[in-house]
>>> print(open('entry-v2.cif').read())   # mmCIF, C-alpha atoms
data_entry
#
loop_
_atom_site.group_PDB
_atom_site.id
_atom_site.type_symbol
_atom_site.label_atom_id
_atom_site.label_comp_id
_atom_site.auth_asym_id
_atom_site.auth_seq_id
_atom_site.Cartn_x
_atom_site.Cartn_y
_atom_site.Cartn_z
ATOM 1 C CA MET A 222 47.865 -26.880 27.031
ATOM 2 C CA LYS A 223 45.290 -27.075 29.761
ATOM 3 C CA LYS A 224 45.877 -23.381 30.604
ATOM 4 C CA ASP A 225 44.636 -22.253 27.167
ATOM 5 C CA ARG A 226 41.365 -24.172 27.343
ATOM 6 C CA GLY A 227 38.318 -21.920 27.205
ATOM 7 C CA PHE A 228 40.178 -18.885 25.866
ATOM 8 C CA THR A 229 38.408 -19.116 22.502
ATOM 9 C CA LEU A 230 35.066 -19.439 24.259
ATOM 10 C CA LEU A 231 35.820 -16.328 26.361
ATOM 11 C CA VAL A 232 36.794 -14.288 23.281
ATOM 12 C CA SER A 233 33.648 -15.352 21.418
ATOM 13 C CA ILE A 234 31.398 -14.475 24.384
ATOM 14 C CA VAL A 235 33.019 -11.038 24.792
ATOM 15 C CA THR A 236 32.773 -10.365 21.036
ATOM 16 C CA THR A 237 29.126 -11.442 20.916
ATOM 17 C CA SER A 238 28.305 -9.301 23.959
ATOM 18 C CA MET A 239 29.910 -6.241 22.352
ATOM 19 C CA LEU A 240 27.974 -6.813 19.127
ATOM 20 C CA ILE A 241 24.705 -7.086 21.055
ATOM 21 C CA ILE A 242 25.437 -3.853 22.954
ATOM 22 C CA VAL A 243 26.272 -2.017 19.713
ATOM 23 C CA SER A 244 23.054 -3.361 18.152
ATOM 24 C CA PHE A 245 20.982 -2.069 21.080
ATOM 25 C CA VAL A 246 22.600 1.366 20.789
ATOM 26 C CA VAL A 247 21.909 1.540 17.039
ATOM 27 C CA VAL A 248 18.277 0.476 17.515
ATOM 28 C CA ASN A 249 17.826 3.027 20.324
ATOM 29 C CA VAL A 250 19.195 5.856 18.148
ATOM 30 C CA ALA A 251 17.001 4.775 15.227
ATOM 31 C CA LEU A 252 13.866 4.757 17.397
ATOM 32 C CA LYS A 253 14.647 8.229 18.737
ATOM 33 C CA GLN A 254 15.125 9.504 15.178
ATOM 34 C CA ILE A 255 11.737 8.096 14.170
ATOM 35 C CA ILE A 256 10.061 9.812 17.132
ATOM 36 C CA LEU A 257 11.852 13.078 16.348
ATOM 37 C CA ALA A 258 10.771 12.935 12.692
ATOM 38 C CA ARG A 259 7.141 12.297 13.684
ATOM 39 C CA ASP A 260 7.186 15.144 16.200
ATOM 40 C CA SER A 261 8.736 17.460 13.629
ATOM 41 C CA ALA A 262 5.887 16.803 11.193
ATOM 42 C CA GLU A 263 3.268 17.385 13.912
ATOM 43 C CA SER A 264 5.024 20.617 14.891
ATOM 44 C CA GLN A 265 4.821 21.783 11.269
ATOM 45 C CA PHE A 266 1.064 21.133 11.195
ATOM 46 C CA ALA A 267 0.718 23.299 14.310
ATOM 47 C CA PHE A 268 2.767 26.109 12.742
ATOM 48 C CA TYR A 269 0.816 25.957 9.463
ATOM 49 C CA ALA A 270 -2.440 26.243 11.429
ATOM 50 C CA ALA A 271 -1.126 29.288 13.340
ATOM 51 C CA ASP A 272 0.089 30.915 10.133
ATOM 52 C CA SER A 273 -3.222 30.268 8.354
ATOM 53 C CA GLY A 274 -5.153 31.745 11.283
ATOM 54 C CA THR A 275 -2.966 34.853 11.157
ATOM 55 C CA GLU A 276 -3.466 35.254 7.404
ATOM 56 C CA CYS A 277 -7.238 34.961 7.800
ATOM 57 C CA ALA A 278 -7.292 37.599 10.544
ATOM 58 C CA ILE A 279 -5.161 40.016 8.519
ATOM 59 C CA TYR A 280 -7.343 39.514 5.441
ATOM 60 C CA TRP A 281 -10.567 40.319 7.302
ATOM 61 C CA ASP A 282 -8.984 43.191 9.216
ATOM 62 C CA LEU A 283 -7.737 44.926 6.072
ATOM 63 C CA LYS A 284 -10.344 43.778 3.498
ATOM 64 C CA ASP A 285 -12.588 46.802 3.960
ATOM 65 C CA SER A 286 -10.522 49.978 4.185
ATOM 66 C CA THR A 287 -13.254 51.833 6.097
ATOM 67 C CA LEU A 288 -14.279 49.279 8.760
ATOM 68 C CA SER A 289 -12.439 46.266 10.132
ATOM 69 C CA ALA A 290 -14.354 43.031 10.672
ATOM 70 C CA PHE A 291 -12.945 43.143 14.212
ATOM 71 C CA ASP A 292 -14.140 46.658 15.043
ATOM 72 C CA PRO A 293 -15.510 46.657 18.614
ATOM 73 C CA SER A 294 -18.554 48.722 17.579
ATOM 74 C CA THR A 295 -19.959 46.244 15.027
ATOM 75 C CA ALA A 296 -20.383 42.472 15.141
ATOM 76 C CA SER A 297 -19.247 40.727 11.972
ATOM 77 C CA THR A 298 -19.245 37.406 10.201
ATOM 78 C CA ILE A 299 -16.028 36.223 8.580
ATOM 79 C CA SER A 300 -15.095 33.131 6.598
ATOM 80 C CA CYS A 301 -11.853 31.230 7.126
ATOM 81 C CA SER A 302 -11.017 27.968 5.404
ATOM 82 C CA GLY A 303 -14.620 27.632 4.249
ATOM 83 C CA GLN A 304 -16.019 28.112 7.780
ATOM 84 C CA SER A 305 -18.376 30.939 8.599
ATOM 85 C CA LEU A 306 -17.414 32.489 11.945
ATOM 86 C CA SER A 307 -19.481 34.914 14.005
ATOM 87 C CA SER A 308 -20.570 35.487 17.583
ATOM 88 C CA THR A 309 -23.073 32.625 17.166
ATOM 89 C CA SER A 310 -20.325 30.114 16.278
ATOM 90 C CA PRO A 311 -19.457 27.348 18.761
ATOM 91 C CA ASN A 312 -17.242 28.228 21.718
ATOM 92 C CA VAL A 313 -13.503 28.508 21.225
ATOM 93 C CA PRO A 314 -11.799 25.329 22.530
ATOM 94 C CA THR A 315 -9.665 26.991 25.183
ATOM 95 C CA ILE A 316 -9.470 25.877 28.801
ATOM 96 C CA PRO A 317 -11.965 27.016 29.987
ATOM 97 C CA SER A 318 -13.868 27.446 26.725
ATOM 98 C CA GLN A 319 -14.771 30.967 25.639
ATOM 99 C CA PRO A 320 -17.551 32.219 23.391
ATOM 100 C CA THR A 321 -16.581 33.197 19.859
ATOM 101 C CA LEU A 322 -16.486 36.968 19.367
ATOM 102 C CA VAL A 323 -15.905 38.595 15.971
ATOM 103 C CA GLY A 324 -16.101 42.354 16.454
ATOM 104 C CA GLY A 325 -18.891 44.053 18.361
ATOM 105 C CA GLY A 326 -17.273 43.609 21.752
ATOM 106 C CA GLY A 327 -17.878 47.195 22.852
ATOM 107 C CA SER A 328 -15.403 47.927 25.634
ATOM 108 C CA ASN A 329 -13.844 44.493 25.033
ATOM 109 C CA ARG A 330 -11.535 45.270 22.138
ATOM 110 C CA THR A 331 -10.406 41.643 21.622
ATOM 111 C CA SER A 332 -12.070 39.321 19.133
ATOM 112 C CA ILE A 333 -11.448 35.582 19.475
ATOM 113 C CA PHE A 334 -12.304 32.731 17.134
ATOM 114 C CA SER A 335 -11.100 29.270 16.193
ATOM 115 C CA VAL A 336 -10.595 27.712 12.780
ATOM 116 C CA ASN A 337 -10.449 23.972 12.152
ATOM 117 C CA TYR A 338 -8.228 22.531 9.445
ATOM 118 C CA SER A 339 -7.805 18.976 8.189
ATOM 119 C CA LYS A 340 -4.602 18.672 10.254
ATOM 120 C CA GLY A 341 -5.104 20.837 13.314
ATOM 121 C CA CYS A 342 -6.770 24.051 14.344
ATOM 122 C CA ALA A 343 -5.966 27.632 15.299
ATOM 123 C CA ILE A 344 -7.212 29.919 18.042
ATOM 124 C CA VAL A 345 -6.886 33.543 16.956
ATOM 125 C CA ARG A 346 -7.148 36.684 19.087
ATOM 126 C CA VAL A 347 -7.354 40.074 17.378
ATOM 127 C CA THR A 348 -7.021 43.144 19.597
ATOM 128 C CA LYS A 349 -7.903 46.561 18.164
ATOM 129 C CA ASN A 350 -6.055 48.994 20.429
ATOM 130 C CA ILE A 351 -7.318 52.495 21.190
ATOM 131 C CA ASP A 352 -4.240 54.039 19.517
ATOM 132 C CA GLY A 353 -5.246 52.437 16.187
ATOM 133 C CA THR A 354 -2.747 49.589 16.259
ATOM 134 C CA THR A 355 -3.778 45.973 15.913
ATOM 135 C CA GLN A 356 -2.324 42.887 17.526
ATOM 136 C CA VAL A 357 -2.995 39.427 16.089
ATOM 137 C CA ASP A 358 -2.063 36.423 18.215
ATOM 138 C CA SER A 359 -2.637 33.065 16.549
ATOM 139 C CA ARG A 360 -1.966 29.758 18.308
ATOM 140 C CA GLY A 361 -1.900 26.714 16.053
ATOM 141 C CA TYR A 362 -2.315 23.128 17.219
ATOM 142 C CA ASN A 363 -1.682 19.846 15.438
ATOM 143 C CA THR A 364 -4.855 18.471 17.057
ATOM 144 C CA CYS A 365 -7.921 20.211 18.445
ATOM 145 C CA ASP A 366 -8.247 17.644 21.237
ATOM 146 C CA THR A 367 -7.260 19.613 24.356
ATOM 147 C CA SER A 368 -6.641 16.395 26.310
ATOM 148 C CA SER A 369 -4.186 14.915 23.785
ATOM 149 C CA GLN A 370 -0.791 13.904 25.188
ATOM 150 C CA HIS A 371 0.841 14.723 21.827
ATOM 151 C CA ARG A 372 -0.610 18.196 21.256
ATOM 152 C CA PHE A 373 1.850 20.674 19.797
ATOM 153 C CA GLU A 374 1.339 24.438 19.982
ATOM 154 C CA ARG A 375 3.042 26.972 17.755
ATOM 155 C CA GLY A 376 2.274 30.670 17.753
ATOM 156 C CA VAL A 377 2.500 33.682 15.490
ATOM 157 C CA THR A 378 2.067 37.216 16.854
ATOM 158 C CA LEU A 379 1.806 40.316 14.675
ATOM 159 C CA SER A 380 1.510 43.978 15.571
ATOM 160 C CA TYR A 381 0.774 46.664 13.003
#
>>> encode(input="entry-v2.cif", output="structure tokens")
Amino acid sequence: MKKDRGFTLLVSIVTTSMLIIVSFVVVNVALKQIILARDSAESQFAFYAADSGTECAIYWDLKDSTLSAFDPSTASTISCSGQSLSSTSPNVPTIPSQPTLVGGGGSNRTSIFSVNYSKGCAIVRVTKNIDGTTQVDSRGYNTCDTSSQHRFERGVTLSY
């Protein structure tokens, strides 16, 4: 009988250890899922900002059938998401920052502007090519803070 002493204690310790390990694995998976869900939502905000910036650029490019708001020969003022944007608007928050340019660039055929939204912002570049085509490149961000560790960027590029 003395040989069997402690066997029950050994089985209970092994069983408890296995349960603790399984619990840690489940908690680890759950935490990763929470982080993934949060990041997914932030990524969507960045995409929505990029898409909204693209839609604004297309609207102002095609609104007037005779002259685009982004024509290099004439400076313009546009309105996106209730914000008036022109060459006198604050600098675009790129690194390094660039002045806002909406049309009137002369030999510089690329307009650039930024639009702030409640959840993020977009930096939009509109290039009016010499051959008559237009390229819109919109980069959306979930936060406008360029130093944020959790800044997501999503982009939409159109050519027409």
>>> residues_around(input="entry-v2.cif", residues="Thr355 of chain A", least_positions_apart="6", cutoff="7 Å", atoms="all atoms listed in the file", output="ChimeraX atom specification")
/A:348-349,380-381
>>> residues_around(input="entry-v2.cif", residues="Phe268 of chain A", least_positions_apart="6", cutoff="8 Å", atoms="only C-alpha atoms", output="list in words")
Gly361, Tyr362, Glu374, Arg375 and Gly376 of chain A
>>> residues_around(input="entry-v2.cif", residues="segment 299-307 of chain A", least_positions_apart="4", cutoff="12 Å", atoms="all atoms listed in the file", output="PyMOL selection string")
chain A and resi 270+273-282+284+289-291+295+311-313+320-326+332-339+342-345
>>> axis_aligned_box(input="entry-v2.cif", around="segment 286-300 of chain A", padding_each_side="5 Å", output="AutoDock Vina command-line options")
--center_x -15.5 --center_y 42.5 --center_z 11.4 --size_x 19.9 --size_y 28.7 --size_z 24.4
>>> atom_distance(input="entry-v2.cif", atom1="atom CA of Leu288 of chain A", atom2="atom CA of Ile351 of chain A")
14.6 Å
>>> atom_distance(input="entry-v2.cif", atom1="atom CA of Met239 of chain A", atom2="atom CA of Ala251 of chain A")
18.4 Å
>>> atom_distance(input="entry-v2.cif", atom1="atom CA of Ser310 of chain A", atom2="atom CA of Ser369 of chain A")
23.4 Å
>>> closest_residue(input="entry-v2.cif", among="A:Ala267, A:Pro317, A:Ala296, A:Asp352", to="Val377 of chain A", atoms="only C-alpha atoms")
A:Ala267
>>> residues_around(input="entry-v2.cif", residues="Thr364 of chain A", least_positions_apart="3", cutoff="7 Å", atoms="all atoms listed in the file", output="VMD selection string")
chain A and resid 340 to 342 372
